[in-house]
Structures are given as C-alpha cells and as structure tokens.
Protein chains: 6
Amino acid sequence: MKLLTLINAVLDARTSPLVVSAHCDLPCGVYDPAQARIDAQSVKACMEKYNASDDDAFKTRAIIVKEQRCEEVKHHLWVLWTDYFKPEHLTTYPNLHDLFWKASKTAGEAKKTNDVAVADRLLAEIEAIADIFWATKK
Amino acid sequence: MKLLTLINAVLDARTSPLVVSAHCDLPCGVYDPAQARIDAQSVKACMEKYNASDDDAFKTRAIIVKEQRCEEVKHHLWVLWTDYFKPEHLTTYPNLHDLFWKASKTAGEAKKTNDVAVADRLLAEIEAIADIFWATKK
Amino acid sequence: MKLLTLINAVLDARTSPLVVSAHCDLPCGVYDPAQARIDAQSVKACMEKYNASDDDAFKTRAIIVKEQRCEEVKHHLWVLWTDYFKPEHLTTYPNLHDLFWKASKTAGEAKKTNDVAVADRLLAEIEAIADIFWATKK
Amino acid sequence: MKLLTLINAVLDARTSPLVVSAHCDLPCGVYDPAQARIDAQSVKACMEKYNASDDDAFKTRAIIVKEQRCEEVKHHLWVLWTDYFKPEHLTTYPNLHDLFWKASKTAGEAKKTNDVAVADRLLAEIEAIADIFWATKK
Amino acid sequence: MKLLTLINAVLDARTSPLVVSAHCDLPCGVYDPAQARIDAQSVKACMEKYNASDDDAFKTRAIIVKEQRCEEVKHHLWVLWTDYFKPEHLTTYPNLHDLFWKASKTAGEAKKTNDVAVADRLLAEIEAIADIFWATKK
Amino acid sequence: MKLLTLINAVLDARTSPLVVSAHCDLPCGVYDPAQARIDAQSVKACMEKYNASDDDAFKTRAIIVKEQRCEEVKHHLWVLWTDYFKPEHLTTYPNLHDLFWKASKTAGEAKKTNDVAVADRLLAEIEAIADIFWATKK
C-alpha cells in the first residue's frame, strides 16, 4: 500500500504533457548534461515501477510518463549537441557526434522497452557526454 | 561584434517554444530547485543583454526568450510546491507557502521589466526555497 | 503608474507559451463558447494596451500575448465546430459552417492588427455562435 | 452501443496534447475559477467512463485524457493563486494558500486513481476557492 | 522479432508530445495537404500495428501515438480551412466547409477505434481536399 | 496594400505557438526532409518580409514567427538524424553527422539574423540531406 502510494507519487509529478526546457552557455552554466541525466533516471524509475506493478491503470500511466521522459532526454541531448558544442570541441573529441547519436537512439529504444538495462546504457552514454562537457568547461 | 555573437548564442539556445519539464522525488533527486534557479539566471541574463543592446530585433528576441524563461521558473516553482512538499514540511517551515507565492509573483514581475534587481530578488527567493528543500532531504 | 501596473498585470498572466485546452459535451457543460469569448476579450484588451502605450518593450509583449490569445480563440472555435456540433444542428442552423469560418478568419486578422474594431467583430461573431450553442442545449 | 458512442465522444474531444490557457484579471473577467472546475468535471467524467468500461483500448484513452485534465486543473489553480490573488486577499482569507495547495494536491491524486470521490473532493475544493474569488470581485 | 522491431521503430519516432506545425501560403507552397495526409497515414499504421500486436505495453503506446496523430490531422485540416481557403474558393467549391468538417470528425473518430476502414475514409477525405487545394493553385 | 495583406497572410498562418510534429519510416514515407525544407522556406520568407517592412508591430511578429520556424527546422532535422538514419547509412555517407550538425547550427543562426543568405545556406544544407535521404530509399 505504502509502496503504491510512493509509486504514484513518482508518476504524478511527471505526467505534465508540457515539455522540454532548452538551455544556454551562460556563465551560470545553463547548459548542463544533468538535465538529460535526470530525465534518464526518471525513465529508469518508470521501468522499475512498471515491472513491479500488477495494476493495469498504473502500468498505462508508467508508459505515458516514460514516453514523455524519453522525448525530453532526446531534446536535451540535441540542444547540447547543436547549441553548446563547437567545431573546436570536435577536434579534441572526434567521437562526439557518434556519442550523441547513440545516446539519442538509446533514448528512443527506451520508449519501446521496460528493460532497465537499456536505461542503464542510456545513463552511461549521458555520463560519457557529461565528462566531455565538463572537460571543455575547464 | 564578438559580444553580439555571444549574446546571440545565449538567446539562440533559449527560444525553444517548447516548455517546462516536470520533476519527481525519485531517490535520484529529480525534484531539484536548481531547475528554477537556472531559468531565473537566464531571465537575469536576458535582462542584461536587453539593456546592453541597441538592436531592435535583438531586443525583441530577448523579450520573447525572457517571457518563456519566467514562465518556466513559475512552473518549476509550482511543481516543487505542489508535488514535493508535504504537510510535515509545512509544520517545520510555516512560511513555505508564502515563499513560493512571492517567488512566483516575482517571476511574473520579471516578465514586465528589464530591471536586473528583480531577477536578483527572484534568485534570492529561489535560494531560500532551495535551502529548505535540501534541509528536508537530510 | 497605476495604469502601467494594471496593464502589466494583464499581460503577465497571459504569456504562458503553453496552450489551448480542448473541451467536451459532458453534461457538466465542458463545451462552452465562453472559452473563445474570454480569449477574444483578452485579444481586445491587448490591442487597447498596445495602443495606449509608448513603451517598446511593453508593446512587444502585447504582440506576443495577442498572438497566443488569437491562436487560442481559433483552437476553441475549431473544437466547438468539429466536436460539439452534429449534422442535425446544421439542418437547423445552415449558416453554422460559415459562422465558424468567418470567426476563425477574424481571429487570424486580429493577429495582424491593433484595431479594436476587429476584436469587437470577433466578439460579435463568437456571441452569434454562442447563441446557437445555447439554443441547441435547451 | 449508444453509450459507447457517447463515451467516445467525451474522450475524443479531450485528448488534445496541447495544453492549458492562462488567464488575467481584465474587467471582462478573464480570471475565472470556472476553468479549473470545468477540467475537474472532466476528470470526474473520465473516471466514471473508465469505471463503466470493459474495453482495454478505451480505458487506456480515459487514463491519457484524465492525466491531461488533471494537469490543466493544476495549471489553472496555480495561475489563479499566483496571478490573481493579492496580499490584501490573504489578509481577509488567511487560509487561501492552504486551499490552493490542497486542491493542487488533490488534482495530482486524481491522476493516480479512478475513485470518483477524489474528483468530488477536488470539485468541492475548487468551489471553495471560487467562493472567495467571487467575494473579492464584489 | 524483426517485425516487433519494425513496429517499435514506427512508434518510437512518433511519440513526441510536442505538437502540430502550422503552415502558410508562401509561393514555396508551405500550405500543403500532404501534412494532414502523412499524419493520417500514421494513424492508419498505428491501427494496423495495434491490431497485429499481443503486447499490452506496445498496444498502449500505439494508442498514445494514434491519439497525437489524430490531433495533428485535425490541426492541419483546420489551418488549411481557416488560413488558406478564401471566399472565392467557396464559390467554386461550395462543399468545401462540409469536406473539412467531415474530415475533422473522421479524425476524431479515428481516436476511438482501431478499425482501419476509418483511417482509409480519413485518407480519402483528405485526398478530396487535396484535389481542390491543388486545383486552386493552378 | 495588397502586399501587406499577403505578408500578413503569411505571418498569420504561422504563429501557432504549438510545435513540431515528429515522423516515422512507415512505408507511407512519413519521414520526409520536406518538412525541414518547408519550415526553412518559411524562415526565409519571414526574413524577406522583415526586411521589406517599416512597421514595428509587423517586424515584431516576423521575429516571433521566425523564432518558431527555426526551432521546427531543428526538430525535424534531429528526428531525421536520430530516428531515420541507421548505422549502415553512416558507412555509405560518413559525413552524415556533420551535415546534420551544420544544418542544425545554421537553423540556430537564422534565429539571430534577417540575412537571407543564412536561410539560403540552410536550404542548401537541407537539400544535401534530402539527397542522401532519397538515395537511401531507393
């Protein structure tokens, strides 16, 4: 019972159909791969809740929410890739394009599955991007 | 010239008409007052750029972007207030409602002005909320 | 000064980039031409404020907000036209299609002008639709 | 059969993924708690339809639509709370913050359940807010 | 297995909660009934995939996506009807209003069913509109 | 006068704050680089209208609309890049990542300028992507 309440609380906060804030490279650090990571963590949580539940209505809500979170991960990745990274970054990190492409594809894959391993891969790919991001900020 | 490029880079990333990600209290910390703060910092930056510019088209873009960022600040604040905070928090922090109300109103005020002091007040109000938020996480 | 505050209050509340709620013909009366009317009244108010102001930043905001409100008027009209009205209504009110078409076009025209007469025409067209709507509810 | 048609008509009109119109305190009365009430009535209707149906696809649609309506209720409440109500209202109605907070939480709760009692509570809370709203308009 | 992958690929690309691009009558031909047709084809594909699947999670995703695509069909039709077509077109094509009204209603009906015949009817109605559209462009 | 009417007609249709339809690789050809091209043509038209006008309110509207169209171009490009193209395409077209990256950056640049040459470059970059897209469809 308490678990269900907790699960519901998680889902409730996340079903806003409203979407995706873009960011910028202000000195305040408005570009931040944490955005993509946070949504990817939510994707993972939705999968876990989905797998743990027997309640059809709840499972439907988990899918709705996961769908939205995956889309937000994609958007955050695209903004970082297009708006933050510059040609000079590509010289130092020639695999940058591929990293973003694969992470975006994994975010798409995460829509289609409740296999937590996919969410873990997504998180790892975002972390690899974050490592480069922060290295370029030094 | 270089300044204008920088200014434009700031604005460019931020004009997505797509809006506002909701969050949740997963263990991963998906509720995070940093969201509101980051957008508030962008509000402030838009004001500074607006004030520093003589270019009508640019100033128009600064207003468009600021309008969106203020709205996102409000949304992030509302989500925190409604979804994260619980009755027991109110007992410990009886001014919680008022803090959120005032910060939301300041975010609205920031739409109407390019006075950086309003953005600074907004940032301070968000920081006060963040202090309480993190205290409840201990 | 007080007028400006009032004007700003009007604009502030209306700049949400988030958009347009659909409605339905529940017994609770969720379809309601009042929606279109309310947004049309805001369109008119934006025009009046625009015309009364000398402040460039404020005028820009008035245009942004009016643009959104006109779009919402259109959406509310389309939903009423498509979802609420049924073939039997057309038999009784053969000019129904034309009423909606013209009102939608006027809403588009209101984006392009700050001539309050256009907003007044829009309000009159919505009222004509509302009269039919409520007649069909009897 | 006819019931199903009716049910579908209800759901059809409401699944716009597009969201939430903000309002203002124009003399025309653009702020109006009726907005939140109407969406709350739809929330209740979705629950009733969900409970009455045996069709999995239909039940899924009911959940999607209810999710959106609950979010709109929340948004309308937040706009009223932040944009319409002023400090002097709080003096007269010291429980205003709490009323809004509880109603917003109930709207969140309504996402998680198809218990019509929750929708009824939400409607009652919105009515209490509406009573205050109209009292302040006198 | 491969089929499921294909099906998932179809759904994945389409679940963006972000919505509906408007168009215009530039010489470049930005108004284009192809928009409504493409989304209607997706509606049909979603129905086919839904009918062919035994996987509850997949079927839920198919409904979510179809809901969005139907809404986009409606929006594209409304924009064409309101913004592109002019009074002189109505003189030549007096059934224009009715064509749009019926096609919009069919798009609504397609939300409620997985009967591919409804999608086929929708496609035919859109094609009839396209024929008129292109005739007016000559 | 007639020109102004035309210009207004162009802008009017394009100011929907609602955004961006995703696509898929159905046999019906739902992925289509024409989407990005059409929006890029609108971007160019907005620039031309902006440059030709002396009316402040109109110019503001042109900027608002261009902002939205640029964002849509970006979204359409990202969807094609992430969802349509597969690793085997990269083997044949090793510059694919770079093409998309540059086109996305040009779309961002087009927000900041009314220099038609930028829109022309954007259109050329999209055409290069379209050539590859259609080659992979053979």
# chains A, B, ... in the order shown; residues from 1 in each chain; ligands from 1
call {"tool": "interface_residues", "arguments": {"of": "chain C", "to": "chain E", "cutoff": "12 Å", "atoms": "only C-alpha atoms", "output": "count of residues only"}}
result
36
call {"tool": "residues_around", "arguments": {"residues": "Ile63 (chain E)", "least_positions_apart": "4", "cutoff": "10 Å", "atoms": "only C-alpha atoms", "output": "PyMOL selection string"}}
result
(chain D and resi 57-58+60-61+64) or (chain E and resi 11+43+46-47+50+58-59+67-69+111-114)
call {"tool": "residues_around", "arguments": {"residues": "region 125-135 of chain A", "least_positions_apart": "2", "cutoff": "6 Å", "atoms": "only C-alpha atoms", "output": "PyMOL selection string"}}
result
chain A and resi 33+103+122-123+137-138
call {"tool": "select_by_dssp", "arguments": {"residues": "region 10-122 of chain D", "states": "alpha helix (DSSP H)", "output": "number ranges by chain"}}
result
D: 10-12, 34-52, 56-79, 87-92, 96-112, 116-122
call {"tool": "atom_distance", "arguments": {"atom1": "CA of Ala110 (chain A)", "atom2": "CA of Asn51 (chain A)"}}
result
13.8 Å
call {"tool": "atom_distance", "arguments": {"atom1": "CA of Val118 (chain B)", "atom2": "CA of Ala62 (chain C)"}}
result
20.5 Å
call {"tool": "decode", "arguments": {"residues": "region 23-69 of chain D", "atoms": "C-alpha atoms", "output": "compact mmCIF listing (two decimals), in the first residue's frame"}}
result
# COMPACT_ATOMS: atom_id res chain seq x y z
CA HIS D 23 -5.96 33.97 -17.79
CA CYS D 24 -5.99 37.50 -16.44
CA ASP D 25 -7.98 39.89 -14.27
CA LEU D 26 -9.38 42.02 -17.07
CA PRO D 27 -12.73 43.68 -16.31
CA CYS D 28 -14.11 41.08 -18.75
CA GLY D 29 -13.35 38.55 -16.01
CA VAL D 30 -10.68 36.54 -17.71
CA TYR D 31 -9.55 35.06 -14.44
CA ASP D 32 -12.26 32.61 -13.68
CA PRO D 33 -12.24 29.57 -11.38
CA ALA D 34 -14.72 28.02 -13.82
CA GLN D 35 -11.71 26.93 -15.85
CA ALA D 36 -10.39 24.71 -13.09
CA ARG D 37 -13.89 23.49 -12.31
CA ILE D 38 -14.66 22.51 -15.90
CA ASP D 39 -11.48 20.47 -16.18
CA ALA D 40 -12.18 18.90 -12.80
CA GLN D 41 -15.61 17.88 -14.04
CA SER D 42 -13.93 16.24 -16.98
CA VAL D 43 -11.59 14.43 -14.64
CA LYS D 44 -14.63 13.08 -12.85
CA ALA D 45 -16.29 12.08 -16.13
CA CYS D 46 -13.15 10.25 -17.25
CA MET D 47 -13.17 8.27 -14.01
CA GLU D 48 -16.82 7.35 -14.44
CA LYS D 49 -16.27 6.26 -18.03
CA TYR D 50 -13.18 4.29 -17.03
CA ASN D 51 -15.06 2.50 -14.29
CA ALA D 52 -18.01 1.72 -16.58
CA SER D 53 -15.95 0.28 -19.42
CA ASP D 54 -14.60 -3.20 -20.17
CA ASP D 55 -12.67 -2.13 -23.24
CA ASP D 56 -8.90 -2.00 -22.70
CA ALA D 57 -8.24 0.47 -25.50
CA PHE D 58 -10.96 2.76 -24.21
CA LYS D 59 -9.68 2.56 -20.64
CA THR D 60 -6.21 3.48 -21.85
CA ARG D 61 -7.64 6.53 -23.59
CA ALA D 62 -9.53 7.51 -20.44
CA ILE D 63 -6.26 7.45 -18.48
CA ILE D 64 -4.44 9.53 -21.10
CA VAL D 65 -7.18 12.14 -21.11
CA LYS D 66 -7.56 12.23 -17.34
CA GLU D 67 -3.81 12.73 -16.98
CA GLN D 68 -4.04 15.82 -19.17
CA ARG D 69 -7.14 17.21 -17.47
